[in-house]
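Have a look at model_26.txt below; it lists compact mmCIF, C-alpha atoms.
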```txt
# COMPACT_ATOMS: atom_id res chain seq x y z
CA MET A 1 0.00 0.00 0.00
CA ASN A 2 1.32 3.44 -0.93
CA ARG A 3 1.20 5.62 2.19
CA ARG A 4 2.91 8.66 0.65
CA GLY A 5 1.23 12.03 0.20
CA PHE A 6 -0.71 12.15 3.47
CA ILE A 7 -0.45 11.71 7.23
CA GLY A 8 -2.41 8.81 8.69
CA GLY A 9 -3.28 7.68 12.20
CA SER A 10 -0.23 5.44 12.64
CA ASP A 11 1.91 8.30 11.26
CA ALA A 12 0.51 10.62 13.95
CA ARG A 13 1.47 8.01 16.52
CA ARG A 14 5.04 7.84 15.17
CA ILE A 15 5.31 11.63 15.15
CA MET A 16 4.17 11.86 18.77
CA GLU A 17 6.62 9.08 19.72
CA GLY A 18 9.47 11.12 18.20
CA ASP A 19 10.01 8.93 15.12
CA TRP A 20 9.31 11.83 12.74
CA TYR A 21 12.72 11.70 11.01
CA ASN A 22 12.32 8.09 9.79
CA LEU A 23 8.71 8.82 8.87
CA TRP A 24 9.76 11.89 6.87
CA HIS A 25 12.29 9.74 4.96
CA GLU A 26 9.56 7.21 4.15
CA LYS A 27 6.97 9.83 3.15
CA THR A 28 9.43 11.57 0.83
CA GLY A 29 10.60 8.32 -0.79
CA ARG A 30 14.13 8.51 0.60
CA LYS A 31 13.66 5.24 2.47
CA LYS A 32 11.39 2.26 1.98
CA PRO A 33 8.97 1.67 4.87
CA ASP A 34 9.47 -1.49 6.90
CA ASP A 35 7.81 -4.55 5.38
CA LEU A 36 5.26 -5.66 7.99
CA SER A 37 3.84 -8.54 5.94
CA ASN A 38 5.76 -11.12 7.99
CA VAL A 39 5.51 -9.50 11.46
CA LEU A 40 3.29 -11.79 13.55
CA PRO A 41 1.76 -9.19 15.93
CA VAL A 42 0.90 -6.88 13.03
CA GLN A 43 -0.63 -9.63 10.92
CA LEU A 44 -2.50 -11.08 13.91
CA GLY A 45 -4.07 -7.66 14.47
CA VAL A 46 -5.02 -7.43 10.79
CA HIS A 47 -6.63 -10.87 10.81
CA THR A 48 -8.52 -10.42 14.08
CA GLU A 49 -9.89 -6.96 13.25
CA ASP A 50 -13.19 -8.21 11.79
CA PHE A 51 -13.67 -10.57 14.73
CA ASN A 52 -12.87 -7.77 17.19
CA ARG A 53 -15.37 -5.40 15.51
CA ASN A 54 -18.05 -8.11 15.50
CA TRP A 55 -17.36 -8.93 19.16
CA PHE A 56 -17.72 -5.24 20.06
CA LEU A 57 -20.98 -4.96 18.13
CA THR A 58 -22.30 -8.18 19.72
CA ASN A 59 -21.64 -6.75 23.18
CA TYR A 60 -22.55 -3.09 22.62
CA PHE A 61 -24.78 -2.85 19.55
CA ASP A 62 -28.09 -1.08 19.83
CA GLU A 63 -30.69 -1.70 17.13
CA TYR A 64 -30.91 2.04 16.54
CA TRP A 65 -27.24 2.41 15.64
CA THR A 66 -26.16 3.11 12.11
CA VAL A 67 -22.65 1.74 11.53
CA LYS A 68 -20.15 1.82 8.67
CA SER A 69 -17.23 -0.61 8.85
CA ASN A 70 -13.79 0.41 7.56
CA HIS A 71 -14.89 3.96 6.88
CA THR A 72 -12.27 6.31 5.39
CA PHE A 73 -12.03 10.01 6.23
CA THR A 74 -9.83 12.46 4.33
CA ASP A 75 -9.23 16.18 4.75
CA THR A 76 -6.49 18.78 4.48
CA LEU A 77 -5.91 20.24 7.92
CA HIS A 78 -3.66 23.27 8.37
CA GLY A 79 -2.18 22.54 4.93
CA VAL A 80 -1.47 18.88 5.76
CA PRO A 81 -3.26 16.16 3.75
CA CYS A 82 -4.68 13.68 6.26
CA LYS A 83 -6.33 10.30 5.82
CA GLY A 84 -7.64 7.75 8.27
CA GLU A 85 -9.56 4.51 8.01
CA VAL A 86 -11.51 3.80 11.17
CA ASP A 87 -12.50 0.23 11.97
CA CYS A 88 -16.10 1.30 12.48
CA HIS A 89 -17.95 4.59 12.33
CA ILE A 90 -21.01 4.59 14.57
CA VAL A 91 -22.79 7.32 12.67
CA SER A 92 -25.85 7.59 14.91
CA LEU A 93 -23.68 8.24 18.00
CA ASN A 94 -20.97 10.32 16.27
CA LYS A 95 -18.38 7.89 17.67
CA ILE A 96 -15.78 5.64 16.12
CA LEU A 97 -14.27 2.27 16.98
CA GLU A 98 -10.63 1.26 16.85
CA CYS A 99 -9.77 -2.44 17.27
CA LYS A 100 -6.43 -3.76 18.56
CA HIS A 101 -4.94 -7.13 19.48
CA THR A 102 -2.08 -7.23 21.98
CA TYR A 103 -0.24 -9.62 24.26
CA ASP A 104 -2.08 -11.15 27.21
CA ARG A 105 -0.21 -9.32 30.01
CA ASN A 106 -0.61 -5.87 28.51
CA THR A 107 -2.96 -3.41 30.23
CA MET A 108 -5.70 -1.20 28.88
CA GLU A 109 -3.93 1.83 30.38
CA SER A 110 -0.82 1.00 28.35
CA CYS A 111 -2.89 0.54 25.18
CA ILE A 112 -4.60 3.90 25.71
CA ARG A 113 -1.21 5.63 26.07
CA GLN A 114 0.24 3.81 23.05
CA TYR A 115 -2.68 4.50 20.72
CA MET A 116 -3.78 7.93 22.00
CA PRO A 117 -2.27 9.82 19.02
CA GLN A 118 -4.02 7.52 16.55
CA LEU A 119 -7.35 7.70 18.39
CA GLN A 120 -7.27 11.49 18.68
CA PHE A 121 -6.17 11.85 15.05
CA TYR A 122 -9.11 9.72 13.89
CA MET A 123 -11.54 11.65 16.10
CA MET A 124 -10.23 14.95 14.72
CA LEU A 125 -10.52 13.75 11.14
CA SER A 126 -13.97 12.18 11.54
CA GLY A 127 -15.41 14.86 13.82
CA ALA A 128 -16.31 12.13 16.33
CA GLU A 129 -16.90 13.10 19.93
CA ALA A 130 -15.45 9.84 21.27
CA CYS A 131 -13.74 6.62 20.26
CA TYR A 132 -14.28 3.12 21.57
CA LEU A 133 -10.98 1.26 21.95
CA SER A 134 -11.69 -2.46 21.69
CA VAL A 135 -8.72 -4.62 22.66
CA ILE A 136 -8.21 -8.38 22.60
CA PHE A 137 -5.49 -9.38 25.07
CA GLY A 138 -3.91 -12.67 23.97
CA ASN A 139 -6.72 -15.17 23.57
CA ARG A 140 -8.49 -14.96 26.94
CA ARG A 141 -9.49 -11.38 27.62
CA TRP A 142 -11.33 -8.57 25.87
CA GLU A 143 -11.81 -5.03 27.14
CA CYS A 144 -13.37 -1.93 25.69
CA VAL A 145 -13.15 1.67 26.87
CA GLU A 146 -14.49 4.95 25.58
CA VAL A 147 -11.88 7.64 24.98
CA SER A 148 -13.14 11.22 24.73
CA HIS A 149 -12.19 13.73 22.07
CA ASP A 150 -9.43 15.91 23.57
CA LYS A 151 -9.08 19.23 21.74
CA ASP A 152 -5.97 20.29 23.70
CA TYR A 153 -4.20 17.03 22.87
CA ILE A 154 -5.20 17.35 19.19
CA ASP A 155 -3.95 20.95 19.05
CA ARG A 156 -0.56 19.89 20.49
CA MET A 157 -0.38 16.91 18.14
CA MET A 158 -1.20 19.00 15.07
CA VAL A 159 1.65 21.41 15.88
CA SER A 160 4.01 18.42 15.70
CA VAL A 161 2.34 17.06 12.55
CA ARG A 162 2.64 20.42 10.77
CA GLU A 163 6.30 20.77 11.78
```

Can the structure in the file be given as structure tokens, please?
Amino acid sequence: MNRRGFIGGSDARRIMEGDWYNLWHEKTGRKKPDDLSNVLPVQLGVHTEDFNRNWFLTNYFDEYWTVKSNHTFTDTLHGVPCKGEVDCHIVSLNKILECKHTYDRNTMESCIRQYMPQLQFYMMLSGAEACYLSVIFGNRRWECVEVSHDKDYIDRMMVSVRE
């Protein structure tokens, strides 16, 4: 997949983690991005995403919800082309869903910290007021939390993204 020409949710995460230099090299074609096609945790997350979304909907779904799976949002914000594909857009609630799969001893607090830039980026791009973070831990535990839209965090993040 060609990820040049825009900033995405995982790019926002890398920028906030301080990996902007490598990302800049990839986005400008100076360096090839890492090949993640044979990285087990990445591929496990890809292959469990549909299951995770369905599990969330089975446990939370309300018959009055209108949902769109794998919904893409694009916009140019402060001169920066941005694109994000959310795992599920719950249109009727103005919320989104992001699904993750991690190791069994990880904590939800750690996942929130790790994915906060991506979650806030997607909320900014979609205009959502909140994001459900649905996480499968190993193969025995599932947790879901609602993360609120944080304008101050987004403003700080967008300064770094623009730079």

**OP:** Within 9 Å of stretch 51-55 of chain A, counting all atoms listed in the file, which residues show up once you throw out same-chain ones fewer than 3 positions away? Write them as a PyMOL selection string, please.
**Re:** chain A and resi 47-48+58-60+69+87-88+97-101+134-136+142

Original post:
How many Å lie between atom CA of A:Leu57 and atom CA of A:Leu125, rounded to one decimal?
Top reply: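 So the two atoms, atom CA of A:Leu57 and atom CA of A:Leu125, lie 22.5 Å apart.
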
**OP:** Please provide the set of residues having any atom within 9 Å of stretch 16-26 of chain A, restricted to all atoms listed in the file, with same-chain residues fewer than 3 positions apart removed, written as a list in words.
**Re:**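 Counting all atoms listed in the file, the residues come to Arg3, Arg4, Asp11, Ala12, Arg13, Gly29, Arg30, Lys31, Lys32, Pro33, Gln114, Pro117, Met157, Ser160 and Val161 of chain A.
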
**OP:** Just give me the gap between atom CA of A:Tyr64 and atom CA of A:Glu146 in Å, one decimal is fine.
**Re:**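 Between atom CA of A:Tyr64 and atom CA of A:Glu146 the gap works out to 19.0 Å.
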
**OP:** Counting only C-alpha atoms, figure out which residue out of A:Glu63, A:Gly79, A:Asn139, A:Phe121 gets nearest to A:Arg156.
**Re:** A:Phe121

Original post:
Within 12 Å of A:Ala128, counting only C-alpha atoms, which residues qualify if same-chain residues fewer than 3 places away don't, as a PyMOL selection string?
Top reply: chain A and resi 73+86+88-97+119-125+131-132+146-151
